[in-house]
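To be precise, the following lines are final.cif, and they hold mmCIF, C-alpha atoms.
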```
data_my_file
loop_
_atom_site.label_atom_id
_atom_site.label_comp_id
_atom_site.auth_asym_id
_atom_site.auth_seq_id
_atom_site.Cartn_x
_atom_site.Cartn_y
_atom_site.Cartn_z
CA MET A 25 0.00 0.00 0.00
CA ARG A 26 1.29 3.47 -0.88
CA ASP A 27 2.23 5.97 1.81
CA PHE A 28 0.51 9.31 1.23
CA SER A 29 1.84 10.98 4.39
CA ALA A 30 3.78 13.51 2.25
CA VAL A 31 0.51 14.83 0.81
CA GLU A 32 -0.52 18.06 2.49
CA ARG A 33 -3.83 18.06 4.31
CA ARG A 34 -5.98 20.95 3.08
CA SER A 35 -9.66 21.62 2.69
CA VAL A 36 -11.05 21.29 -0.82
CA ASP A 37 -11.43 25.07 -1.27
CA GLU A 38 -7.98 25.98 0.10
CA ALA A 39 -5.68 26.27 -2.91
CA ARG A 40 -2.09 25.27 -2.24
CA ARG A 41 0.80 26.77 -4.17
CA LEU A 42 1.19 24.74 -7.35
CA ARG A 43 4.42 24.80 -9.37
CA VAL A 44 3.84 24.10 -13.07
CA ILE A 45 6.56 23.85 -15.71
CA ILE A 46 5.62 24.06 -19.38
CA ILE A 47 8.17 22.70 -21.84
CA GLY A 48 7.96 24.73 -25.05
CA ALA A 49 6.81 28.27 -25.82
CA GLY A 50 5.14 27.62 -29.14
CA ILE A 51 1.40 28.04 -29.61
CA SER A 52 0.53 25.16 -27.23
CA GLY A 53 2.87 26.48 -24.53
CA ILE A 54 1.56 30.04 -24.87
CA LEU A 55 -2.06 28.89 -24.64
CA ALA A 56 -1.30 26.61 -21.67
CA CYS A 57 0.33 29.52 -19.84
CA ILE A 58 -2.63 31.82 -20.54
CA HIS A 59 -5.33 29.33 -19.55
CA PHE A 60 -3.59 27.98 -16.44
CA ARG A 61 -2.94 31.50 -15.13
CA GLN A 62 -6.61 32.39 -15.70
CA ARG A 63 -8.01 29.28 -14.03
CA ILE A 64 -5.64 28.10 -11.31
CA PRO A 65 -5.26 30.22 -8.16
CA ASN A 66 -1.91 30.42 -6.37
CA LEU A 67 0.03 29.25 -9.43
CA ASP A 68 3.82 29.36 -9.80
CA ILE A 69 4.46 28.85 -13.51
CA CYS A 70 7.58 28.67 -15.69
CA VAL A 71 7.84 28.12 -19.45
CA TYR A 72 11.14 26.70 -20.72
CA GLU A 73 11.97 27.31 -24.38
CA LYS A 74 15.06 26.05 -26.22
CA ASN A 75 15.03 28.86 -28.79
CA ALA A 76 16.02 32.51 -28.38
CA ASP A 77 12.37 33.59 -28.78
CA ILE A 78 8.87 32.21 -28.35
CA GLY A 79 6.67 31.05 -31.20
CA GLY A 80 7.78 27.49 -31.83
CA THR A 81 7.64 26.45 -35.47
CA TRP A 82 6.66 30.01 -36.47
CA PHE A 83 9.92 31.28 -34.97
CA GLU A 84 12.07 28.47 -36.36
CA ASN A 85 10.75 28.43 -39.92
CA ARG A 86 10.95 31.80 -41.59
CA TYR A 87 10.69 31.76 -45.35
CA LEU A 88 9.80 34.55 -47.72
CA GLY A 89 6.03 34.60 -48.07
CA CYS A 90 5.52 31.99 -45.33
CA ALA A 91 2.99 33.93 -43.19
CA CYS A 92 5.70 35.50 -41.00
CA GLU A 93 3.07 37.70 -39.35
CA ILE A 94 1.85 34.65 -37.42
CA HIS A 95 4.99 34.69 -35.24
CA GLN A 96 4.41 38.36 -34.40
CA TYR A 97 0.74 37.67 -33.66
CA TRP A 98 1.58 34.95 -31.09
CA LYS A 99 4.22 37.16 -29.49
CA HIS A 100 1.53 39.85 -29.16
CA VAL A 101 -0.92 37.35 -27.62
CA ALA A 102 1.68 36.16 -25.07
CA ASP A 103 2.49 39.76 -24.16
CA LYS A 104 -1.17 40.83 -23.97
CA TYR A 105 -1.98 38.05 -21.49
CA GLY A 106 1.15 38.55 -19.37
CA CYS A 107 2.99 35.35 -20.29
CA MET A 108 6.29 36.84 -21.47
CA GLU A 109 7.63 37.24 -17.92
CA TYR A 110 7.32 33.49 -17.28
CA ASN A 111 9.48 32.44 -20.25
CA LYS A 112 13.03 31.22 -19.80
CA LEU A 113 14.62 31.22 -23.23
CA ARG A 114 17.55 29.15 -24.54
CA GLN A 115 16.91 26.43 -21.96
CA GLN A 116 16.92 22.77 -23.02
CA ILE A 117 15.17 20.09 -20.94
CA PHE A 118 17.16 16.86 -20.97
CA GLU A 119 15.36 14.77 -18.38
CA ALA A 120 12.21 14.72 -16.29
CA VAL A 121 12.12 12.22 -13.40
CA TRP A 122 9.26 11.71 -10.96
CA ASP A 123 10.36 11.65 -7.29
CA GLU A 124 7.92 9.26 -5.61
CA GLU A 125 8.92 10.30 -2.08
CA GLN A 126 8.68 14.06 -2.59
CA LEU A 127 5.79 13.84 -5.08
CA LYS A 128 7.63 16.24 -7.41
CA TRP A 129 9.11 16.24 -10.88
CA ASN A 130 12.86 16.87 -11.15
CA LEU A 131 13.88 18.37 -14.49
CA ARG A 132 17.50 18.50 -15.64
CA ILE A 133 17.97 21.64 -17.72
CA GLN A 134 20.84 23.08 -19.71
CA ASP A 135 21.25 26.81 -20.16
CA LEU A 136 22.24 26.94 -23.84
CA ALA A 137 23.91 30.35 -23.44
CA SER A 138 26.35 29.21 -20.73
CA SER A 139 26.22 25.40 -21.18
CA SER A 140 25.65 25.04 -17.42
CA THR A 141 23.10 22.51 -16.16
CA TYR A 142 20.74 22.75 -13.22
CA ILE A 143 17.68 21.08 -11.68
CA ASP A 144 14.21 22.60 -11.37
CA ARG A 145 11.37 20.94 -9.45
CA CYS A 146 7.63 21.15 -9.93
CA ASP A 147 4.29 19.52 -9.19
CA VAL A 148 3.11 19.37 -12.81
CA VAL A 149 4.97 19.12 -16.14
CA ILE A 150 3.23 20.05 -19.39
CA GLN A 151 4.96 18.92 -22.57
CA ALA A 152 4.11 21.52 -25.21
CA THR A 153 6.96 20.83 -27.60
CA GLY A 154 4.66 20.40 -30.57
CA ALA A 155 4.29 17.78 -33.27
CA LEU A 156 6.74 19.55 -35.59
CA ASN A 157 9.62 19.46 -33.11
CA ASN A 158 11.76 16.70 -31.66
#
```
Show me this structure written as C-alpha cells.
Amino acid sequence: MRDFSAVERRSVDEARRLRVIIIGAGISGILACIHFRQRIPNLDICVYEKNADIGGTWFENRYLGCACEIHQYWKHVADKYGCMEYNKLRQQIFEAVWDEEQLKWNLRIQDLASSSTYIDRCDVVIQATGALNN
C-alpha cells in the first residue's frame, strides 16, 4: 500500500501553491500559460523554451512569403496576457524524473547560453513541444 503521508492536508477550497513547468513556448505552450494563469489560483508557472524567442515552429521556420506575421501575432498574444515574464529562453530540458517520495518532478535543464546545467522541481509538467519538433 502506498504511503501518502507527504501529501498536504488541506480543505477542498484551500488552494495550495502549485508549481507548473511548461516545456515549449510555441502556440501550445503560450495557450497553456494563458489558460492555467486564468483558471488556477496560487500558481507558480515557468515556461522553458530552447530557442532565443517564443513562437515554436513560427519562430524556427521563416521563409519569404511563409505567413511570417503569425509569429508576431503569437508574441503579441503572449504579451497581452502577461505570459512573457514566465518564459526562460535558450533552456533545453534533458530529463524529467518523478520523485515518488517528494511527489515532485525533477527536471534537468541546460542553459544553452552558458552550457551550465541545473535542476528545477515542480508539481506538474506540461509537454508543449509540438508535433513539428523533436
Q: Can you give me, as JSON, numbers by chain, the residues this file yields under the PyMOL selection byres ((chain A and resi 45) around 6)?
A: {"A": [44, 46, 69, 70, 71, 149]}
Contacts between range 95-106 of chain A and range 43-71 of chain A, please, where a residue of range 43-71 of chain A counts if it comes within 12 Å (with all atoms listed in the file); show its shortest atom pair and distance in Å to one decimal, rows by chain and ascending number, as JSON lines.
```
{"residue": "A:Ala49", "atom": "CA", "partner": "A:Ala102", "partner_atom": "CA", "distance": 9.4}
{"residue": "A:Gly50", "atom": "CA", "partner": "A:Trp98", "partner_atom": "CA", "distance": 8.4}
{"residue": "A:Ile51", "atom": "CA", "partner": "A:Trp98", "partner_atom": "CA", "distance": 7.1}
{"residue": "A:Ser52", "atom": "CA", "partner": "A:Trp98", "partner_atom": "CA", "distance": 10.6}
{"residue": "A:Gly53", "atom": "CA", "partner": "A:Ala102", "partner_atom": "CA", "distance": 9.8}
{"residue": "A:Ile54", "atom": "CA", "partner": "A:Ala102", "partner_atom": "CA", "distance": 6.1}
{"residue": "A:Leu55", "atom": "CA", "partner": "A:Ala102", "partner_atom": "CA", "distance": 8.2}
{"residue": "A:Ala56", "atom": "CA", "partner": "A:Ala102", "partner_atom": "CA", "distance": 10.6}
{"residue": "A:Cys57", "atom": "CA", "partner": "A:Ala102", "partner_atom": "CA", "distance": 8.6}
{"residue": "A:Ile58", "atom": "CA", "partner": "A:Tyr105", "partner_atom": "CA", "distance": 6.3}
{"residue": "A:His59", "atom": "CA", "partner": "A:Tyr105", "partner_atom": "CA", "distance": 9.5}
{"residue": "A:Phe60", "atom": "CA", "partner": "A:Tyr105", "partner_atom": "CA", "distance": 11.4}
{"residue": "A:Arg61", "atom": "CA", "partner": "A:Tyr105", "partner_atom": "CA", "distance": 9.2}
{"residue": "A:Gln62", "atom": "CA", "partner": "A:Tyr105", "partner_atom": "CA", "distance": 9.3}
{"residue": "A:Ile69", "atom": "CA", "partner": "A:Gly106", "partner_atom": "CA", "distance": 11.8}
{"residue": "A:Val71", "atom": "CA", "partner": "A:Ala102", "partner_atom": "CA", "distance": 11.6}
```
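The shortest atom-to-atom distance to Glu119 in chain A, with all atoms listed in the file taken into account, belongs to A:Ile47 out of A:Gly79, A:Ile47, A:Asn66, A:Asn85.
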Q: Just say which residues the PyMOL selection byres ((chain A and resi 39) around 7) picks in this file, as a PyMOL selection string.
A: chain A and resi 37-38+40-41+65-66
**Q.** Selected residue, from A:Ile94, A:Ile143, A:Ile133, A:Val148, that lies nearest to Lys74 in chain A when counting all atoms listed in the file
**A.** A:Ile133
(Q) Given all atoms listed in the file as the basis, pick out the residue of A:Leu136, A:Val121, A:Ile78, A:Leu131 nearest to Gly48 in chain A. (A)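 Nearest candidate to Gly48 in chain A out of A:Leu136, A:Val121, A:Ile78, A:Leu131: A:Ile78.
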Q) Of the candidates A:Arg145, A:Arg132, A:Arg63, A:Lys112, which one gets nearest to Asp77 in chain A if we count only C-alpha atoms? A) A:Lys112
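Our summary of the geometry notes that CA of Leu113 in chain A is positioned 8.5 Å from CA of Asp135 in chain A.
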Q) Could you work out how far CA of Ala152 in chain A lies from CA of Gln115 in chain A, giving the answer in Å with one decimal? A)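 Separation between CA of Gln115 in chain A and CA of Ala152 in chain A: 14.1 Å.
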Q: Give me, please, the distance in Å between CA of Ala76 in chain A and CA of Thr153 in chain A, quoted to one decimal.
A: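 Separating CA of Ala76 in chain A from CA of Thr153 in chain A is a distance of 14.8 Å.
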Q.
Suppose a student applies the PyMOL selection byres ((chain A and resi 129) around 7) to this structure; what residues should they get, written as a PyMOL selection string?
A. chain A and resi 120-123+128+130-131+145-147
Padding 4 Å on each side, edges along x, y and z: where is the centre of the box around the listed atoms of range 40-52 of chain A, and how long are its edges in Å to one decimal? Output it as AutoDock Vina command-line options.
```
--center_x 3.0 --center_y 25.5 --center_z -15.9 --size_x 18.3 --size_y 13.6 --size_z 35.4
```
N, CA and C atoms are what I want for range 46-62 of chain A; can you complete it accordingly and write them as a short mmCIF file (atom, residue, chain, number, x, y, z; two decimals), in the coordinates of the input?
```cif
data_model
loop_
_atom_site.label_atom_id
_atom_site.label_comp_id
_atom_site.auth_asym_id
_atom_site.auth_seq_id
_atom_site.Cartn_x
_atom_site.Cartn_y
_atom_site.Cartn_z
N ILE A 46 6.03 24.34 -18.01
CA ILE A 46 5.62 24.06 -19.38
C ILE A 46 6.88 23.97 -20.23
N ILE A 47 7.01 22.89 -20.96
CA ILE A 47 8.17 22.70 -21.84
C ILE A 47 7.75 23.10 -23.25
N GLY A 48 8.26 24.23 -23.71
CA GLY A 48 7.96 24.73 -25.05
C GLY A 48 7.11 25.98 -25.01
N ALA A 49 7.54 27.00 -25.76
CA ALA A 49 6.81 28.27 -25.82
C ALA A 49 6.31 28.53 -27.23
N GLY A 50 5.84 27.46 -27.88
CA GLY A 50 5.14 27.62 -29.14
C GLY A 50 3.67 27.92 -28.84
N ILE A 51 2.81 27.70 -29.80
CA ILE A 51 1.40 28.04 -29.61
C ILE A 51 0.79 27.25 -28.45
N SER A 52 1.08 25.96 -28.34
CA SER A 52 0.53 25.16 -27.23
C SER A 52 1.03 25.66 -25.88
N GLY A 53 2.31 25.98 -25.78
CA GLY A 53 2.87 26.48 -24.53
C GLY A 53 2.30 27.83 -24.15
N ILE A 54 2.14 28.72 -25.13
CA ILE A 54 1.56 30.04 -24.87
C ILE A 54 0.14 29.89 -24.36
N LEU A 55 -0.66 29.08 -25.05
CA LEU A 55 -2.06 28.89 -24.64
C LEU A 55 -2.16 28.21 -23.27
N ALA A 56 -1.30 27.25 -22.99
CA ALA A 56 -1.30 26.61 -21.67
C ALA A 56 -1.00 27.64 -20.59
N CYS A 57 -0.01 28.48 -20.81
CA CYS A 57 0.33 29.52 -19.84
C CYS A 57 -0.85 30.46 -19.60
N ILE A 58 -1.48 30.91 -20.67
CA ILE A 58 -2.63 31.82 -20.54
C ILE A 58 -3.75 31.16 -19.75
N HIS A 59 -4.17 29.98 -20.17
CA HIS A 59 -5.33 29.33 -19.55
C HIS A 59 -5.06 28.89 -18.11
N PHE A 60 -3.89 28.37 -17.82
CA PHE A 60 -3.59 27.98 -16.44
C PHE A 60 -3.59 29.19 -15.53
N ARG A 61 -2.98 30.30 -15.97
CA ARG A 61 -2.94 31.50 -15.13
C ARG A 61 -4.35 32.04 -14.88
N GLN A 62 -5.24 31.91 -15.85
CA GLN A 62 -6.61 32.39 -15.70
C GLN A 62 -7.45 31.51 -14.79
#
```
